[in-house]
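Input: a single structure, listed below in structure tokens.
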Amino acid sequence: QVQLVESGGGLVQAGDSLTLSCVASGHTFSLYGMAWFRQAPGKEREFVAGGLWSGHGTRYSDSVKGRFTMSGDNAKSTRYLRMDNLTPEDTAVYFCAAGRTKGAFQYWGQGTQVTVSS
């Protein structure tokens with residue numbers, strides 16, 4: 001089993017930056033990949049960024065490419081999502097997810113709210 005805990009959300013203004021953290025515990029050695037998703041009010045959950053748990057092969061959705069950056073600290077089993085030049089359209093609950101196989105995410109965090117005011 002793997003547990004994921006996100007943190008770092010908050011209320012910011014348009015143009016600001018924010019970095020989310022996702023701390024993994026448990027059998028992290030079994031993880032294949034991880035990703036960040038977000039869900040805005042009234043909308044479906046959408047993929048934001050993701051790649052291998054090792055940090056390789058990261059890709060981003062078109063809506064965040066060039067503004068968001070994934071990184072990680074293997075010693076701390078922590079993954080980060082740095083978000084620059086935030087816009088109100090980025091307002092959502094952000095989730096980190098991880099999985100043991102390609103394309104599957106068996107483990108999810110509880111989510112952290114990001115609100116961007118105009």
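Every chain in the structure tokens takes a letter, A first, then B, and so on in the order presented; its residues are numbered from 1, and the ligands are numbered from 1 following the presented order.
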
Which residues are near Thr91 (chain A)? Cut-off 12 Å, only C-alpha atoms, ignore same chain within fewer than 6 positions. Put them as a list in words. Gly9, Gly10, Leu11, Val12, Gln13, Ala14, Leu18, Arg38, Gln39, Ala40, Pro41, Gly42, Lys43, Met83, Thr112, Gln113, Val114, Thr115, Val116, Ser117 and Ser118 of chain A

Export, as a PDB file, in the first residue's frame, the selected residues with C-alpha atoms.
```pdb
ATOM      1  CA  GLY A   9      -2.555  24.848  -1.882  1.00  0.00           C
ATOM      2  CA  GLY A  10      -3.964  28.249  -1.093  1.00  0.00           C
ATOM      3  CA  LEU A  11      -5.421  31.510  -2.329  1.00  0.00           C
ATOM      4  CA  VAL A  12      -3.231  33.513  -4.680  1.00  0.00           C
ATOM      5  CA  GLN A  13      -3.627  36.268  -7.219  1.00  0.00           C
ATOM      6  CA  ALA A  14      -3.373  35.918 -10.973  1.00  0.00           C
ATOM      7  CA  LEU A  18       2.574  28.221  -5.993  1.00  0.00           C
ATOM      8  CA  ARG A  38      -7.183  18.714 -10.928  1.00  0.00           C
ATOM      9  CA  GLN A  39     -10.913  19.145 -10.691  1.00  0.00           C
ATOM     10  CA  ALA A  40     -12.636  22.485 -10.962  1.00  0.00           C
ATOM     11  CA  PRO A  41     -16.195  23.034  -9.705  1.00  0.00           C
ATOM     12  CA  GLY A  42     -18.699  21.499 -12.080  1.00  0.00           C
ATOM     13  CA  LYS A  43     -16.014  19.948 -14.265  1.00  0.00           C
ATOM     14  CA  MET A  83       2.875  26.422 -10.861  1.00  0.00           C
ATOM     15  CA  THR A 112      -5.462  20.440  -1.979  1.00  0.00           C
ATOM     16  CA  GLN A 113      -7.434  23.527  -3.000  1.00  0.00           C
ATOM     17  CA  VAL A 114      -5.856  26.122  -5.253  1.00  0.00           C
ATOM     18  CA  THR A 115      -7.806  29.316  -5.765  1.00  0.00           C
ATOM     19  CA  VAL A 116      -6.572  32.037  -8.099  1.00  0.00           C
ATOM     20  CA  SER A 117      -8.251  35.424  -7.896  1.00  0.00           C
ATOM     21  CA  SER A 118      -8.276  37.861 -10.800  1.00  0.00           C
TER      22      SER A 118
END
```

So which residues touch Phe29 (chain A) within 10 Å, counting only C-alpha atoms, skipping near sequence neighbours fewer than 3 positions away, as a compact mmCIF listing (two decimals) with all heavy atoms, in the first residue's frame?
```txt
# COMPACT_ATOMS: atom_id res chain seq x y z
N VAL A 2 0.33 2.30 -0.59
CA VAL A 2 1.01 3.59 -0.64
C VAL A 2 0.03 4.66 -0.20
O VAL A 2 -1.14 4.64 -0.59
CB VAL A 2 1.51 3.89 -2.07
CG1 VAL A 2 2.08 5.29 -2.15
CG2 VAL A 2 2.56 2.85 -2.49
N SER A 25 4.25 7.60 1.18
CA SER A 25 4.76 6.70 2.22
C SER A 25 4.24 5.30 1.94
O SER A 25 3.27 5.11 1.22
CB SER A 25 4.33 7.18 3.61
OG SER A 25 2.92 7.21 3.71
N GLY A 26 4.91 4.33 2.55
CA GLY A 26 4.54 2.94 2.32
C GLY A 26 5.44 2.31 1.29
O GLY A 26 6.62 2.60 1.22
N TYR A 32 5.23 2.77 -10.31
CA TYR A 32 5.70 2.92 -11.70
C TYR A 32 5.64 4.38 -12.12
O TYR A 32 6.55 4.90 -12.71
CB TYR A 32 4.83 2.06 -12.63
CG TYR A 32 5.16 2.22 -14.08
CD1 TYR A 32 6.15 1.45 -14.66
CD2 TYR A 32 4.49 3.15 -14.88
CE1 TYR A 32 6.48 1.60 -16.01
CE2 TYR A 32 4.81 3.30 -16.21
CZ TYR A 32 5.80 2.52 -16.77
OH TYR A 32 6.13 2.67 -18.09
N TRP A 53 7.73 7.44 -11.85
CA TRP A 53 8.01 7.80 -10.48
C TRP A 53 9.47 8.28 -10.33
O TRP A 53 9.77 9.10 -9.48
CB TRP A 53 7.77 6.60 -9.57
CG TRP A 53 8.06 6.86 -8.13
CD1 TRP A 53 9.11 6.38 -7.40
CD2 TRP A 53 7.31 7.70 -7.25
NE1 TRP A 53 9.05 6.87 -6.12
CE2 TRP A 53 7.97 7.68 -6.00
CE3 TRP A 53 6.16 8.48 -7.40
CZ2 TRP A 53 7.49 8.39 -4.91
CZ3 TRP A 53 5.69 9.18 -6.32
CH2 TRP A 53 6.36 9.14 -5.08
N SER A 77 10.83 10.94 -0.84
CA SER A 77 9.63 10.36 -1.49
C SER A 77 8.59 11.43 -1.73
O SER A 77 7.39 11.23 -1.48
CB SER A 77 9.05 9.23 -0.63
OG SER A 77 9.93 8.14 -0.57
N ARG A 100 1.09 1.42 -9.80
CA ARG A 100 2.09 0.36 -9.93
C ARG A 100 2.30 -0.06 -11.38
O ARG A 100 3.29 -0.74 -11.70
CB ARG A 100 1.68 -0.85 -9.11
CG ARG A 100 1.55 -0.58 -7.62
CD ARG A 100 1.37 -1.89 -6.87
NE ARG A 100 0.23 -2.65 -7.37
CZ ARG A 100 -0.99 -2.52 -6.91
NH1 ARG A 100 -1.24 -1.65 -5.95
NH2 ARG A 100 -1.98 -3.24 -7.39
```

If DSSP is run on the backbone, what residues of region 11-85 of chain A are helix (DSSP H, G or I)? A reply as a list of chain:residue names would be ideal.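 For region 11-85 of chain A, the helix (DSSP H, G or I) set is A:Thr28, A:Phe29, A:Ser30, A:Asn74, A:Ala75, A:Lys76.
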
With distances taken over only C-alpha atoms, the candidate from A:Ser7, A:Ala92, A:Asp73, A:Leu81 nearest Thr58 (chain A) is A:Leu81

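The space separating CA of Val5 (chain A) from CA of Gly33 (chain A) comes to 15.9 Å.
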
Tell me, as a PyMOL selection string, which residues lie within 10 Å of Phe47 (chain A), counting only C-alpha atoms; anything in the same chain fewer than 6 positions away does not count. chain A and resi 35-39+60-61+63+94-95

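Closest approach to Ser54 (chain A) from the set A:Gly8, A:Trp108, A:Gly66, A:Asn74 is made by A:Asn74, with distances taken over only C-alpha atoms.
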
Of the residues A:Leu31, A:Gly72, A:Glu6, A:Gly55, which is the one nearest to Gln106 (chain A), using only C-alpha atoms? A:Leu31

Where does DSSP see strand (DSSP E or B) in chain A, if you list the residues as a ChimeraX atom specification? /A:2-7,10-13,18-26,33-39,46-52,59-60,68-73,78-83,92-99,107-108,112-117

Could you please take those selected residues and save C-alpha atoms as a tab-separated table (two decimals), in the first residue's frame?
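File produced: again09.tsv:
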```tsv
chain	number	residue	atom	x	y	z
A	2	VAL	CA	1.01	3.59	-0.64
A	3	GLN	CA	-0.32	6.71	1.02
A	4	LEU	CA	-0.17	10.13	-0.63
A	5	VAL	CA	-0.57	13.46	1.12
A	6	GLU	CA	-0.71	16.73	-0.77
A	7	SER	CA	-0.05	20.16	0.63
A	10	GLY	CA	-3.96	28.25	-1.09
A	11	LEU	CA	-5.42	31.51	-2.33
A	12	VAL	CA	-3.23	33.51	-4.68
A	13	GLN	CA	-3.63	36.27	-7.22
A	18	LEU	CA	2.57	28.22	-5.99
A	19	THR	CA	4.29	24.91	-5.35
A	20	LEU	CA	2.34	21.83	-4.36
A	21	SER	CA	3.93	18.89	-2.57
A	22	CYS	CA	2.95	15.24	-2.58
A	23	VAL	CA	4.56	13.05	0.07
A	24	ALA	CA	4.41	9.32	-0.49
A	25	SER	CA	4.76	6.70	2.22
A	26	GLY	CA	4.54	2.94	2.32
A	33	GLY	CA	4.37	6.40	-12.28
A	34	MET	CA	2.73	9.39	-10.72
A	35	ALA	CA	0.67	12.31	-11.90
A	36	TRP	CA	-1.12	15.44	-10.89
A	37	PHE	CA	-4.80	15.90	-11.67
A	38	ARG	CA	-7.18	18.71	-10.93
A	39	GLN	CA	-10.91	19.14	-10.69
A	46	GLU	CA	-8.41	16.39	-15.71
A	47	PHE	CA	-4.80	15.36	-16.15
A	48	VAL	CA	-2.27	18.12	-15.45
A	49	ALA	CA	1.17	16.51	-15.51
A	50	GLY	CA	2.70	13.11	-15.01
A	51	GLY	CA	5.51	10.69	-15.67
A	52	LEU	CA	7.54	7.90	-14.23
A	59	ARG	CA	4.56	15.33	-19.88
A	60	TYR	CA	2.10	18.16	-19.37
A	68	PHE	CA	3.89	24.16	-14.54
A	69	THR	CA	6.91	22.03	-13.67
A	70	MET	CA	7.09	18.66	-11.96
A	71	SER	CA	10.08	17.73	-9.85
A	72	GLY	CA	10.93	15.37	-7.07
A	73	ASP	CA	13.10	14.46	-4.13
A	78	THR	CA	8.16	13.70	-2.38
A	79	ARG	CA	7.00	15.07	-5.70
A	80	TYR	CA	6.39	18.73	-6.42
A	81	LEU	CA	4.31	20.69	-8.85
A	82	ARG	CA	5.52	24.21	-9.30
A	83	MET	CA	2.88	26.42	-10.86
A	92	ALA	CA	-9.35	23.66	-8.75
A	93	VAL	CA	-8.70	20.94	-6.24
A	94	TYR	CA	-5.37	19.39	-7.14
A	95	PHE	CA	-4.70	15.70	-6.55
A	96	CYS	CA	-1.56	13.67	-6.79
A	97	ALA	CA	-1.90	10.06	-7.85
A	98	ALA	CA	0.46	7.13	-8.21
A	99	GLY	CA	0.29	3.67	-9.62
A	107	TYR	CA	-3.38	5.57	-5.04
A	108	TRP	CA	-4.73	9.07	-4.61
A	112	THR	CA	-5.46	20.44	-1.98
A	113	GLN	CA	-7.43	23.53	-3.00
A	114	VAL	CA	-5.86	26.12	-5.25
A	115	THR	CA	-7.81	29.32	-5.77
A	116	VAL	CA	-6.57	32.04	-8.10
A	117	SER	CA	-8.25	35.42	-7.90
```

Work out how far apart CA of Ala75 (chain A) and CA of Phe105 (chain A) are and give it in Å to one decimal.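 Those two atoms sit 21.8 Å apart.
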
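If only C-alpha atoms are the atoms counted, then among A:Gln1, A:Arg45, A:Asp16, A:Gly111 the closest residue to Asn85 (chain A) is A:Asp16.
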
Residue with the minimum atom-to-atom distance to Thr28 (chain A), picked from A:Asp90, A:Gly57, A:Asp84, A:Lys76 with only C-alpha atoms counted, is A:Lys76
